[in-house]
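J.: Data: coords_38.txt, compact mmCIF, C-alpha atoms (C1' of nucleotides).
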# COMPACT_ATOMS: atom_id res chain seq x y z
CA MET A 4 37.33 8.46 -8.72
CA ALA A 5 33.71 8.13 -9.09
CA GLU A 6 33.14 10.81 -11.65
CA ARG A 7 29.89 12.62 -11.17
CA ARG A 8 27.54 11.71 -13.98
CA SER A 9 26.59 15.21 -15.10
CA ARG A 10 23.18 14.12 -13.94
CA THR A 11 20.34 13.57 -16.40
CA GLN A 12 19.61 9.93 -16.83
CA LYS A 13 22.45 8.06 -18.28
CA LYS A 14 21.82 4.46 -17.46
CA LYS A 15 18.84 2.53 -16.31
CA LYS A 16 18.92 0.84 -12.99
CA ASP A 17 15.60 -0.60 -12.02
CA PRO A 18 12.40 -1.33 -13.86
CA ASN A 19 10.33 1.15 -11.89
CA ALA A 20 13.25 3.05 -10.40
CA PRO A 21 11.92 4.14 -7.03
CA LYS A 22 14.28 7.10 -7.07
CA ARG A 23 15.99 7.77 -3.80
CA SER A 24 15.32 10.68 -1.48
CA LEU A 25 16.61 14.24 -1.32
CA SER A 26 19.73 15.42 0.49
CA ALA A 27 20.03 17.92 3.30
CA TYR A 28 21.56 20.25 0.77
CA MET A 29 18.33 20.21 -1.21
CA PHE A 30 16.34 21.34 1.80
CA PHE A 31 18.92 23.90 2.73
CA ALA A 32 19.05 25.10 -0.85
CA ASN A 33 15.27 25.50 -0.79
CA GLU A 34 15.72 28.19 1.81
CA THR A 35 19.13 29.54 0.90
CA ARG A 36 18.32 29.96 -2.77
CA ASP A 37 15.97 32.66 -1.50
CA ILE A 38 18.63 34.35 0.57
CA VAL A 39 21.50 34.01 -1.84
CA ARG A 40 19.45 35.40 -4.68
CA ALA A 41 18.08 38.09 -2.41
CA GLU A 42 21.57 39.20 -1.47
CA ASN A 43 22.86 38.78 -4.99
CA PRO A 44 20.37 40.45 -7.32
CA GLY A 45 21.24 39.44 -10.83
CA ILE A 46 23.78 36.87 -9.75
CA ALA A 47 24.78 34.34 -12.37
CA PHE A 48 23.40 30.83 -12.29
CA GLY A 49 26.71 29.03 -11.81
CA GLN A 50 27.75 31.64 -9.27
CA VAL A 51 24.75 31.17 -7.04
CA GLY A 52 25.45 27.45 -7.03
CA LYS A 53 28.93 28.09 -5.70
CA VAL A 54 27.86 30.68 -3.20
CA LEU A 55 25.19 28.29 -2.05
CA GLY A 56 27.71 25.57 -1.36
CA GLU A 57 29.86 27.95 0.63
CA ARG A 58 26.89 28.98 2.73
CA TRP A 59 25.92 25.35 3.26
CA LYS A 60 29.14 24.49 5.00
CA ALA A 61 29.23 27.97 6.43
CA LEU A 62 26.45 26.80 8.72
CA SER A 63 27.24 24.91 11.86
CA ASP A 64 26.42 21.24 11.96
CA ASP A 65 23.60 22.24 14.26
CA GLN A 66 22.28 24.54 11.57
CA LYS A 67 22.31 21.78 8.97
CA LYS A 68 20.57 19.64 11.50
CA PRO A 69 17.13 21.00 10.63
CA PHE A 70 17.92 20.25 7.01
CA GLU A 71 19.19 16.81 7.79
CA ASP A 72 16.02 16.29 9.68
CA LYS A 73 14.05 16.92 6.51
CA ALA A 74 16.38 14.76 4.50
CA GLU A 75 15.76 12.08 7.05
CA ALA A 76 12.03 12.35 6.61
CA ASP A 77 12.44 12.32 2.87
CA LYS A 78 14.43 9.14 3.07
CA LYS A 79 11.42 7.51 4.60
CA ARG A 80 9.48 8.71 1.61
CA TYR A 81 11.88 6.83 -0.62
CA GLU A 82 11.68 3.74 1.51
CA LEU A 83 7.98 3.76 0.95
CA GLU A 84 8.11 3.98 -2.81
CA LYS A 85 10.93 1.49 -2.84
CA ALA A 86 8.79 -1.00 -0.96
CA GLU A 87 6.06 -0.46 -3.47
CA TYR A 88 8.44 -0.84 -6.33
CA LEU A 89 9.82 -4.05 -4.93
CA LYS A 90 6.36 -5.38 -4.45
CA THR A 91 5.30 -4.48 -7.94
CA GLN A 92 8.38 -5.85 -9.60
CA GLN A 93 8.16 -9.03 -7.59
CA GLN A 94 4.63 -9.55 -8.62
C1' DA B 3 29.58 -10.31 5.20
C1' DC B 4 32.08 -6.57 3.00
C1' DA B 5 33.30 -3.08 -0.44
C1' DA B 6 32.43 -0.09 -4.17
C1' DT B 7 29.21 1.76 -7.41
C1' DG B 8 25.98 4.04 -9.33
C1' DA B 9 22.02 6.53 -9.64
C1' DT B 10 19.46 10.28 -7.74
C1' DT B 11 17.85 14.82 -5.40
C1' DG B 12 17.00 20.10 -5.84
C1' DT B 13 18.45 24.88 -6.77
C1' DT B 14 20.19 28.94 -9.68
C1' DT B 15 19.76 31.52 -14.70
C1' DG B 16 19.22 31.98 -19.79
C1' DG B 17 18.34 31.09 -25.10
C1' DC C 11 14.32 21.67 -21.86
C1' DC C 12 19.12 21.27 -20.50
C1' DA C 13 23.66 22.53 -18.87
C1' DA C 14 27.40 22.84 -14.72
C1' DA C 15 28.63 23.75 -9.58
C1' DC C 16 27.31 22.58 -4.99
C1' DA C 17 26.61 18.68 -1.37
C1' DA C 18 24.60 14.60 0.47
C1' DT C 19 22.75 10.15 0.00
C1' DC C 20 22.65 5.74 0.82
C1' DA C 21 20.20 1.69 -1.26
C1' DT C 22 21.45 -1.55 -4.52
C1' DT C 23 24.46 -4.57 -6.23
C1' DG C 24 28.29 -8.03 -6.90
C1' DT C 25 31.95 -11.49 -5.16
Please express the file's structure as structure tokens.
T.:
Amino acid sequence: MAERRSRTQKKKKDPNAPKRSLSAYMFFANETRDIVRAENPGIAFGQVGKVLGERWKALSDDQKKPFEDKAEADKKRYELEKAEYLKTQQQ
DNA sequence: ACAATGATTGTTTGG
DNA sequence: CCAAACAATCATTGT
């Protein structure tokens, strides 16, 4: 159910498309990518991705908290552009 | 009002 | 530049 669209635009949604915000995983990845790659010199691209995911959940909910916190802040960012987009499109 | 959907976010490496 | 694997997201939409 709900197949993941391999990503990369596929369909249009909105005229200005405010784009949503990032996910905690993105913030976590920003830091982990450094670690994972540091511990796995020469690791393959697809492999790192998997290892990353394992690490992500490997953390305790409290550890993801800091990441969620950033995701939370990013969401606000989206809200802002969304408001602008709505305003613009309404005009 | 409620439910489901879709679209999106960022990272990794390599030709 | 783009591709998959990884996870979250969560706002928008339609009836």
J.: Counting only C-alpha atoms, which of A:Lys85, A:Arg80, A:Lys13, A:Arg58 gets nearest to Ile38 of chain A?
T.: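 Using only C-alpha atoms, Ile38 of chain A sits closest to A:Arg58.
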J.: For the point (19.1, 25.6, 4.8) in file coordinates, what residues are within 10 Å, counting only C-alpha atoms (C1' of nucleotides)? Give the answer as a list in words?
T.: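 Residues lying no farther than 10 Å from the given point: Ala27, Tyr28, Met29, Phe30, Phe31, Ala32, Asn33, Glu34, Thr35, Arg36, Asp37, Ile38, Leu55, Arg58, Trp59, Leu62, Gln66, Lys67, Lys68, Pro69, Phe70 and Glu71 of chain A.
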J.: Compile the contact shell of segment 17-22 of chain C as number ranges by chain: residues with an atom at most 8 Å away, counting all atoms listed in the file, same-chain residues fewer than 4 positions apart removed.
T.: A: 23-28, 56
J.: Any idea what the distance is between atom CA of Tyr88 of chain A and atom CA of Ala20 of chain A?
T.: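 Value for the atom CA of Tyr88 of chain A-atom CA of Ala20 of chain A distance: 7.4 Å.
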J.: Within 9 Å of chain A, which residues belong to chain B? Use all atoms listed in the file and report them as a compact mmCIF listing (two decimals) with C-alpha atoms (C1' of nucleotides), in the coordinates of the input.
T.:
# COMPACT_ATOMS: atom_id res chain seq x y z
C1' DT B 7 29.21 1.76 -7.41
C1' DG B 8 25.98 4.04 -9.33
C1' DA B 9 22.02 6.53 -9.64
C1' DT B 10 19.46 10.28 -7.74
C1' DT B 11 17.85 14.82 -5.40
C1' DG B 12 17.00 20.10 -5.84
C1' DT B 13 18.45 24.88 -6.77
C1' DT B 14 20.19 28.94 -9.68
C1' DT B 15 19.76 31.52 -14.70
C1' DG B 16 19.22 31.98 -19.79
J.: For a quick check of understanding, using only C-alpha atoms (C1' of nucleotides), which of A:Asp72, A:Glu57, A:Asp64, A:Glu84 has the smallest distance to chain C?
T.: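 Closest candidate: A:Glu57.
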J.: Mind pulling up the distance from atom C1' of DG24 of chain C to atom C1' of DA6 of chain B?
T.: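 The value is 9.4 Å.
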J.: Quote the spacing between atom CA of Ala76 of chain A and atom CA of Leu89 of chain A in Å to one decimal place.
T.: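 Value for the atom CA of Ala76 of chain A-atom CA of Leu89 of chain A distance: 20.2 Å.
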J.: Would you place a box with edges along x, y and z of the file around all atoms of chain C listed there, add 8 Å to each of its six sides, and report the centre and edge lengths in Å to one decimal, as lines of an AutoDock Vina configuration file?
T.:
center_x = 23.1
center_y = 6.1
center_z = -10.5
size_x = 33.6
size_y = 51.2
size_z = 38.7
J.: Please determine, counting all atoms listed in the file, which residue among A:Pro44, A:Asp65, A:Asn19, A:Lys78 has the shortest atom-to-atom distance to chain C.
T.: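 Between A:Pro44, A:Asp65, A:Asn19, A:Lys78, the residue approaching chain C most closely is A:Lys78.
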